[in-house]
Amino acid sequence: MKSDRLFSLLVIAVVFVASAGPAAAYTFDSVGLYQSFDEMTAWAAAFEAANPDLVTVVEFGRSSQDRPLLALQLTTQSPRRNDPGRPEFFGDPGRPEIFGDPGRPEFFGDPGRPGFRDGLGRLESLNDPGKPEFLFTGGVHAREVIGSESVYLLAEHLVDSYRAGSLETIDILANREVWIVPTMNPDGRIQVEDGFSRQRKNMELIGNQSPNPNHYQIGVDLNRNFPHRWSDASNNVYSETYRGPSELSTPEASALWDLLQDEEYFSDMLGAIDFHSGAQTILAPWISPGDFQANPLPPEDREKFDFLADNFSTLTGLPDNRLGYESYGTLPDSFYEEFGTYATCIELFKGPFTDYFRLFNPINQSGIDTVVARAIDSSMFLLSDQAFAFEPETAPGIDSSTLLPSDQTLAPIPEPATWLLTLLATAWLVSLRRRLP
Ligand SMILES: [Zn+2]
C-alpha cells in the first residue's frame, strides 16, 4: 500500500517536471497534416484536369514574390431550372425544340450566351449572367493554415458529392458559380511553411521594414488593404494590422479586386465567406463596432445577415458575436459595400496559446476534421436554397405564372365544385343506365 502511494507520487512528480519544461513548439512541418502551397497548386491543376465539366482554374494574379494567385470556379453546364435566355425550355406550347431538334443550336455553346461551356473547351467568358457567384477565400492571413485547408476541402466536397449524385450539390452547381481561393497570401504561407508560424502579413517589404526573416512583421495585412474605410486602419508599418501605403496597394488584394470587377468572371456576387482562425466567432458587416453603431445597415440587409449568422452559428456551434473588434479595410465589409454581397467572416478555430501554430490551427486529424466540417457546413448552407431561394425567372414576353408567351393563355380550369357535380351526375346516369332492362 505504502509503496503504491510512493509510486503514485513519483509518477505525479515526473509528469509535473516534464510538463513544466519547455514544450517544443508545433510547426507546419512537425504537425505534417496540411497541404503545402506547392501541393495545393499541383492539386488545383490535377483537380481541373480530372473534372473538366465542373472545374476551371484561373490564375488571377501574382504575389509580390511572383507566386501564382489561383481561383477555382466550380459550376455545371447542365440545364438549369430557369434560363432566361432559353424560353423554349419550359412551357413552349409548340415545343419542337425540346427533343431532337436538329436546328437546336442553343442547347450547347450558344455564342450569344456568355459563360456557357462546352465541356472540355474554354469559352469567351466564365461568367453566366444567369448564375450568381459565391466566393470562398482562405489563407488571407498566412498563419491561419486551417482556412486554406477548409476551402480546398470544400472544393473536393462539392465535386465528390456531385459525382455521388447528391441532389443538393447538383442543384447548387447547376444554379450557382462557386469560386474558391485557397491561398490569398502565398508568400506569407511559404514563411509559415519554413517554420515562422507567426507570419500573418504578405511579406511585401514596405518602407523601413527589415528584410530579416526573423522579423515577423514583414508586409501588409491583406485584411486591412481593402477599400471599406481603409484610411481608418493602422498606418504603422510594424503593426500586425498594417493597412499598406494605399488601399489595394498589395498585388494580392488588387488582383482579387480586379477579378471581382471583371464581368468576364463576376457580375452578381451574392454571397461570400472569408475563413480565418485565432478566434471562434462569426462576423458580418459592419465588422467594427464603431462602424456598426454609426452606419446602420438597411433593415432588409441587417435581417439577411442576422439570418445567415444565426444559421452559421447553429451549424458550427460558433457564437454569433459580430461585434468583436475594430478592423477596417476588410474583405467582407468591402465586398458588401462595393458589390452588395452578403459577405461574412467566420473565425473557425482558436487553440491554446502555447505557440503560434497551435493557437491558429488544430494539430491532429480529428481536430482538423471538426473544424473543416464547420467550414463546409456553413458554406453549403450559404449555397443552399434555404439561404437564397431563387424565384423562377422567365424571358421578357413570357408570363411567369403560365410560362407561356404573354399573348397566349391557358384554357380556364373548372372550379372543383363543377368537377364534383359533373362526376356525380355521370355516376348517377351510369347507375340509371344499369338499372334499365
Ligand atoms: Zn485572420
# chains A, B, ... in the order shown; residues from 1 in each chain; ligands from 1
$ residues_around --residues "region 36-53 of chain A" --least-positions-apart "2" --cutoff "8 Å" --atoms "only C-alpha atoms" --output "ChimeraX atom specification"
/A:34,55-57,70,72,76-77,119-120,152,183,186,189-190,193
$ write_last_selection --atoms "C-alpha atoms" --output "compact mmCIF listing (two decimals), in the first residue's frame"
# COMPACT_ATOMS: atom_id res chain seq x y z
CA TYR A 34 -1.68 20.19 -44.01
CA VAL A 55 -13.80 22.95 -62.58
CA THR A 56 -11.86 25.82 -64.14
CA VAL A 57 -8.69 27.20 -62.59
CA LEU A 70 -5.24 30.82 -58.01
CA LEU A 72 -11.17 27.75 -58.90
CA THR A 76 -22.01 22.83 -64.32
CA GLN A 77 -23.45 23.36 -67.74
CA GLY A 119 -17.20 20.53 -71.62
CA LEU A 120 -13.54 20.44 -72.46
CA TYR A 152 -9.65 23.38 -50.62
CA THR A 183 -4.47 30.75 -50.60
CA PRO A 186 1.18 32.61 -50.86
CA ARG A 189 2.27 30.96 -46.37
CA ILE A 190 5.77 29.94 -47.52
CA GLU A 193 5.91 26.52 -44.01
$ residues_near_ligand --ligand "ligand 1" --cutoff "10 Å" --atoms "only C-alpha atoms and all ligand atoms" --output "PyMOL selection string"
chain A and resi 138-145+147+200-201+221-223+274-279+345-348+360
$ residues_around --residues "Thr169 (chain A)" --least-positions-apart "5" --cutoff "12 Å" --atoms "only C-alpha atoms" --output "number ranges by chain"
A: 54, 74-76, 154-164, 174-178, 379-381, 383-385
$ closest_residue --among "A:Glu337, A:Pro227, A:Val220, A:Phe349" --to "Ile206 (chain A)" --atoms "only C-alpha atoms"
A:Val220
$ select_by_dssp --residues "region 137-219 of chain A" --states "strand (DSSP E or B)" --output "VMD selection string"
chain A and resid 137 177 to 181
$ closest_residue --among "A:Leu126, A:Ala294, A:Ala373, A:Ile287" --to "Ser267 (chain A)" --atoms "only C-alpha atoms"
A:Leu126
$ residues_around --residues "Gly219 (chain A)" --least-positions-apart "3" --cutoff "9 Å" --atoms "only C-alpha atoms" --output "count of residues only"
15
$ closest_residue --among "A:Gly61, A:Gly340, A:Phe335, A:Phe388" --to "Pro298 (chain A)" --atoms "only C-alpha atoms"
A:Gly340
$ atom_distance --atom1 "CA of Val372 (chain A)" --atom2 "CA of Arg302 (chain A)"
27.2 Å
$ residues_around --residues "region 250-252 of chain A" --least-positions-apart "4" --cutoff "7 Å" --atoms "only C-alpha atoms" --output "list in words"
Arg62, Ser63, Ser64, Met184, Asn185 and Leu256 of chain A
$ select_by_dssp --residues "region 123-228 of chain A" --states "alpha helix (DSSP H)" --output "MDAnalysis selection string"
chainID A and resid 145:163 167:175 186:193
$ write_last_selection --atoms "N, CA and C atoms" --output "mmCIF file, in the first residue's frame"
data_model
loop_
_atom_site.group_PDB
_atom_site.id
_atom_site.type_symbol
_atom_site.label_atom_id
_atom_site.label_comp_id
_atom_site.auth_asym_id
_atom_site.auth_seq_id
_atom_site.Cartn_x
_atom_site.Cartn_y
_atom_site.Cartn_z
ATOM 1 N N VAL A 145 -3.565 28.510 -41.366
ATOM 2 C CA VAL A 145 -3.484 27.464 -42.391
ATOM 3 C C VAL A 145 -4.809 26.704 -42.526
ATOM 4 N N ILE A 146 -5.527 26.560 -41.424
ATOM 5 C CA ILE A 146 -6.765 25.775 -41.446
ATOM 6 C C ILE A 146 -7.817 26.380 -42.384
ATOM 7 N N GLY A 147 -7.780 27.695 -42.590
ATOM 8 C CA GLY A 147 -8.730 28.338 -43.517
ATOM 9 C C GLY A 147 -8.489 27.894 -44.950
ATOM 10 N N SER A 148 -7.210 27.843 -45.346
ATOM 11 C CA SER A 148 -6.861 27.354 -46.685
ATOM 12 C C SER A 148 -7.299 25.909 -46.862
ATOM 13 N N GLU A 149 -6.963 25.117 -45.850
ATOM 14 C CA GLU A 149 -7.300 23.693 -45.895
ATOM 15 C C GLU A 149 -8.820 23.514 -46.048
ATOM 16 N N SER A 150 -9.569 24.346 -45.353
ATOM 17 C CA SER A 150 -11.033 24.226 -45.360
ATOM 18 C C SER A 150 -11.625 24.490 -46.739
ATOM 19 N N VAL A 151 -11.164 25.549 -47.417
ATOM 20 C CA VAL A 151 -11.786 25.849 -48.713
ATOM 21 C C VAL A 151 -11.318 24.879 -49.796
ATOM 22 N N TYR A 152 -10.091 24.402 -49.667
ATOM 23 C CA TYR A 152 -9.649 23.381 -50.622
ATOM 24 C C TYR A 152 -10.493 22.107 -50.467
ATOM 25 N N LEU A 153 -10.789 21.752 -49.214
ATOM 26 C CA LEU A 153 -11.621 20.566 -48.989
ATOM 27 C C LEU A 153 -13.094 20.825 -49.330
ATOM 28 N N LEU A 154 -13.522 22.082 -49.261
ATOM 29 C CA LEU A 154 -14.871 22.423 -49.728
ATOM 30 C C LEU A 154 -14.996 22.130 -51.228
ATOM 31 N N ALA A 155 -13.964 22.492 -51.989
ATOM 32 C CA ALA A 155 -13.979 22.215 -53.432
ATOM 33 C C ALA A 155 -14.093 20.710 -53.676
ATOM 34 N N GLU A 156 -13.314 19.936 -52.933
ATOM 35 C CA GLU A 156 -13.376 18.474 -53.092
ATOM 36 C C GLU A 156 -14.757 17.937 -52.697
ATOM 37 N N HIS A 157 -15.300 18.506 -51.624
ATOM 38 C CA HIS A 157 -16.615 18.052 -51.162
ATOM 39 C C HIS A 157 -17.684 18.296 -52.238
ATOM 40 N N LEU A 158 -17.627 19.468 -52.868
ATOM 41 C CA LEU A 158 -18.629 19.783 -53.899
ATOM 42 C C LEU A 158 -18.542 18.799 -55.061
ATOM 43 N N VAL A 159 -17.340 18.533 -55.533
ATOM 44 C CA VAL A 159 -17.195 17.629 -56.678
ATOM 45 C C VAL A 159 -17.538 16.192 -56.279
ATOM 46 N N ASP A 160 -17.049 15.757 -55.120
ATOM 47 C CA ASP A 160 -17.338 14.378 -54.681
ATOM 48 C C ASP A 160 -18.838 14.154 -54.514
ATOM 49 N N SER A 161 -19.531 15.110 -53.880
ATOM 50 C CA SER A 161 -20.954 14.897 -53.629
ATOM 51 C C SER A 161 -21.758 15.026 -54.937
ATOM 52 N N TYR A 162 -21.271 15.868 -55.858
ATOM 53 C CA TYR A 162 -21.914 15.954 -57.183
ATOM 54 C C TYR A 162 -21.806 14.610 -57.907
ATOM 55 N N ARG A 163 -20.600 14.041 -57.889
ATOM 56 C CA ARG A 163 -20.386 12.746 -58.567
ATOM 57 C C ARG A 163 -21.189 11.628 -57.912
ATOM 58 N N LEU A 167 -28.463 15.459 -54.755
ATOM 59 C CA LEU A 167 -29.356 16.400 -55.432
ATOM 60 C C LEU A 167 -29.073 17.824 -54.985
ATOM 61 N N GLU A 168 -28.697 17.975 -53.719
ATOM 62 C CA GLU A 168 -28.397 19.306 -53.195
ATOM 63 C C GLU A 168 -27.228 19.930 -53.970
ATOM 64 N N THR A 169 -26.144 19.145 -54.156
ATOM 65 C CA THR A 169 -24.973 19.692 -54.846
ATOM 66 C C THR A 169 -25.243 19.876 -56.336
ATOM 67 N N ILE A 170 -25.979 18.954 -56.937
ATOM 68 C CA ILE A 170 -26.315 19.100 -58.359
ATOM 69 C C ILE A 170 -27.076 20.406 -58.562
ATOM 70 N N ASP A 171 -28.021 20.673 -57.665
ATOM 71 C CA ASP A 171 -28.797 21.912 -57.734
ATOM 72 C C ASP A 171 -27.884 23.133 -57.561
ATOM 73 N N ILE A 172 -26.965 23.044 -56.602
ATOM 74 C CA ILE A 172 -26.042 24.170 -56.345
ATOM 75 C C ILE A 172 -25.190 24.457 -57.582
ATOM 76 N N LEU A 173 -24.573 23.420 -58.125
ATOM 77 C CA LEU A 173 -23.636 23.666 -59.231
ATOM 78 C C LEU A 173 -24.365 23.987 -60.543
ATOM 79 N N ALA A 174 -25.638 23.596 -60.629
ATOM 80 C CA ALA A 174 -26.407 23.954 -61.822
ATOM 81 C C ALA A 174 -26.869 25.410 -61.788
ATOM 82 N N ASN A 175 -26.982 25.970 -60.610
ATOM 83 C CA ASN A 175 -27.591 27.291 -60.485
ATOM 84 C C ASN A 175 -26.688 28.378 -59.923
ATOM 85 N N PRO A 186 0.194 33.683 -50.676
ATOM 86 C CA PRO A 186 1.180 32.608 -50.865
ATOM 87 C C PRO A 186 2.542 32.905 -50.244
ATOM 88 N N ASP A 187 3.014 34.159 -50.314
ATOM 89 C CA ASP A 187 4.352 34.464 -49.801
ATOM 90 C C ASP A 187 4.408 34.311 -48.273
ATOM 91 N N GLY A 188 3.358 34.788 -47.609
ATOM 92 C CA GLY A 188 3.298 34.613 -46.157
ATOM 93 C C GLY A 188 3.193 33.135 -45.804
ATOM 94 N N ARG A 189 2.446 32.387 -46.619
ATOM 95 C CA ARG A 189 2.271 30.956 -46.368
ATOM 96 C C ARG A 189 3.615 30.226 -46.427
ATOM 97 N N ILE A 190 4.469 30.585 -47.404
ATOM 98 C CA ILE A 190 5.774 29.944 -47.517
ATOM 99 C C ILE A 190 6.599 30.225 -46.253
ATOM 100 N N GLN A 191 6.479 31.438 -45.736
ATOM 101 C CA GLN A 191 7.176 31.786 -44.493
ATOM 102 C C GLN A 191 6.721 30.871 -43.343
ATOM 103 N N VAL A 192 5.418 30.617 -43.267
ATOM 104 C CA VAL A 192 4.888 29.712 -42.231
ATOM 105 C C VAL A 192 5.405 28.292 -42.462
ATOM 106 N N GLU A 193 5.413 27.875 -43.719
ATOM 107 C CA GLU A 193 5.906 26.519 -44.013
ATOM 108 C C GLU A 193 7.385 26.391 -43.679
#
$ atom_distance --atom1 "CA of Phe357 (chain A)" --atom2 "CA of Arg198 (chain A)"
7.2 Å
